[in-house]
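A.B. asks: So that we are looking at the same thing, I have put the structure below in structure tokens.
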Amino acid sequence: MCYSHPMPDHQITAQTVQPLERAYNVLAQIPAENVWLANFHSTNTRQAYRRAVGEFIAASGMTSPEELYQAGQAHVIAWRDAMKAKGLSNATIANRLSALSSLYRFLADKQLCASNPVSGVLRPKTGNNGLGSGKTPALTASQVRQMLDTPDIDTLKGLRDRAILHVYFFTGGRCSEPASLKVKDFRPDADYWVLELTVKGEKTNTVAIHNECQIAIRRYLEASGHGEDRNAPLFLAVKHGQNTGQPLSRNRFYSLFKEYVRKAGLPPEITPHSARATFITQAYEAGWQGEDIQRTVGHASITTTEGYNRTARKHRKSASFAVNY
């Protein structure tokens, strides 16, 4: 089988969609595919695992389920090394290998393949503190303001994009969470405006939002004209200055965020997860308690939330600040 380097999700273009679609067709021919994916409760997890396996199939040039069943460690190692060469983070590579391993364990249990070729393949270390250990760059307050002020608010697209950026930076939500919002999920509650975010495990996390954030959303809805359609997606696609009535895809939220990173002249390493890291770091810096921050961002464990604070505290205590030449 041939092998070509896979591309990160945000770099996928029209040239790479076709091989990926062919890969999904191969995956669809596996009798137990739906049963395997049904083991995961989260829609985001199912999509991420399906995509990871699809990229492995596409990168390995597989054209049939039989080739997938017969893959060996050499194919897995080649894929791992190609992802590393593309600059994907250790956490991303480890997650994709875990997805592939999950499928092969399932196939082996169903006696569709002899063994799990991912087993025994060395996976990159991600660190004990995960994403909170300093792997994701956070922004300064001035950098956040620079991004928030970049969209052109004289256009519908600019108002929409500005509202999306506000949701990221004022809720600390994960990359995909704004994509699930409907108009009805933005509502007043007593003296506050809240967003009903759908988080990991298909759970709902109600977040009272900053006044600036709710104003940005309301300005967008007033301009878009769909604020009374409670079941409509909160953020709609725009074409020729008008709503199309269609929701934005999850991938579009990522590329939209990166668009304004570039326009604001900020480092290319900044991603939507940087907004989450920034939110948590800024909340700690402002003196908020870890439990309140954990509840707002929807972390299952306070340890994950505290990881961001340990990073900021570690930087503040750098011995470099003690010297004066």
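Chain identifiers are assigned as A, B, and so on, following the order in which chains appear in the structure tokens; residues are numbered from 1 within each chain, and ligands are numbered from 1 in order of appearance.
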Let's see if you can do this: from backbone DSSP, list all strand (DSSP E or B) residues in region 166-265 of chain A, as number ranges by chain.
C.D. replies: A: 182, 186-189, 192-199, 203-208, 233, 236-239, 242-247
A.B. asks: Contacts of Ile270 (chain A) at 10 Å or less, counting only C-alpha atoms, minus same-chain residues fewer than 2 places along, as number ranges by chain?
C.D. replies: A: 136-139, 257-258, 261-262, 266-268, 272-275
A.B. asks: Hey, what's within 8 Å of His166 (chain A) if we count only C-alpha atoms and toss same-chain stuff fewer than 3 positions away? As a ChimeraX atom specification, please?
C.D. replies: /A:148,162-163,169-170,212-213,216
A.B. asks: What's the separation between CA of Pro19 (chain A) and CA of Lys200 (chain A), in Å to one decimal place?
C.D. replies: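 Answer for the CA of Pro19 (chain A) to CA of Lys200 (chain A) separation: 29.3 Å.
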A.B. asks: Can you work out which one of A:Gly265, A:Pro233, A:Pro178, A:Gly120 has the shortest atom-to-atom distance to Thr198 (chain A), counting only C-alpha atoms?
C.D. replies: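 Closest to Thr198 (chain A), using only C-alpha atoms: A:Pro178.
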A.B. asks: I need the residues of region 21-80 of chain A that end up classed as alpha helix (DSSP H) by DSSP on the backbone, written out as a ChimeraX atom specification.
C.D. replies: /A:21-28,33-38,43-59,65-69,73-80
A.B. asks: Store the residues picked out above in a file with C-alpha atoms, as a compact mmCIF listing (two decimals), in the first residue's frame.
C.D. replies:
# COMPACT_ATOMS: atom_id res chain seq x y z
CA GLU A 21 -14.52 10.75 1.44
CA ARG A 22 -13.19 7.61 -0.23
CA ALA A 23 -11.77 6.57 3.12
CA TYR A 24 -15.19 7.04 4.75
CA ASN A 25 -16.66 4.80 2.08
CA VAL A 26 -14.17 2.09 3.05
CA LEU A 27 -15.05 2.55 6.71
CA ALA A 28 -18.77 2.34 5.89
CA GLU A 33 -18.67 0.35 12.13
CA ASN A 34 -21.91 1.76 13.53
CA VAL A 35 -21.75 -0.57 16.52
CA TRP A 36 -18.19 0.59 17.28
CA LEU A 37 -19.12 4.28 17.08
CA ALA A 38 -22.28 3.71 19.14
CA THR A 43 -21.24 13.27 19.21
CA ASN A 44 -17.91 15.11 19.14
CA THR A 45 -16.05 11.94 20.14
CA ARG A 46 -17.78 9.89 17.45
CA GLN A 47 -16.93 12.48 14.81
CA ALA A 48 -13.32 12.81 15.97
CA TYR A 49 -12.76 9.03 16.06
CA ARG A 50 -14.38 8.52 12.66
CA ARG A 51 -12.24 11.27 11.18
CA ALA A 52 -9.02 9.91 12.72
CA VAL A 53 -9.64 6.45 11.27
CA GLY A 54 -10.63 7.99 7.94
CA GLU A 55 -7.35 9.89 7.80
CA PHE A 56 -5.40 6.72 8.54
CA ILE A 57 -7.21 4.89 5.73
CA ALA A 58 -6.68 7.78 3.30
CA ALA A 59 -3.02 8.26 4.24
CA PRO A 65 -11.97 -3.15 4.41
CA GLU A 66 -9.68 -6.15 3.80
CA GLU A 67 -6.67 -3.83 3.53
CA LEU A 68 -7.68 -2.17 6.79
CA TYR A 69 -7.95 -5.58 8.48
CA GLN A 73 2.50 -1.82 12.85
CA ALA A 74 4.54 -0.40 9.96
CA HIS A 75 1.46 1.41 8.65
CA VAL A 76 0.65 2.82 12.08
CA ILE A 77 4.23 3.95 12.69
CA ALA A 78 4.39 5.61 9.26
CA TRP A 79 1.15 7.48 9.99
CA ARG A 80 2.39 8.55 13.43
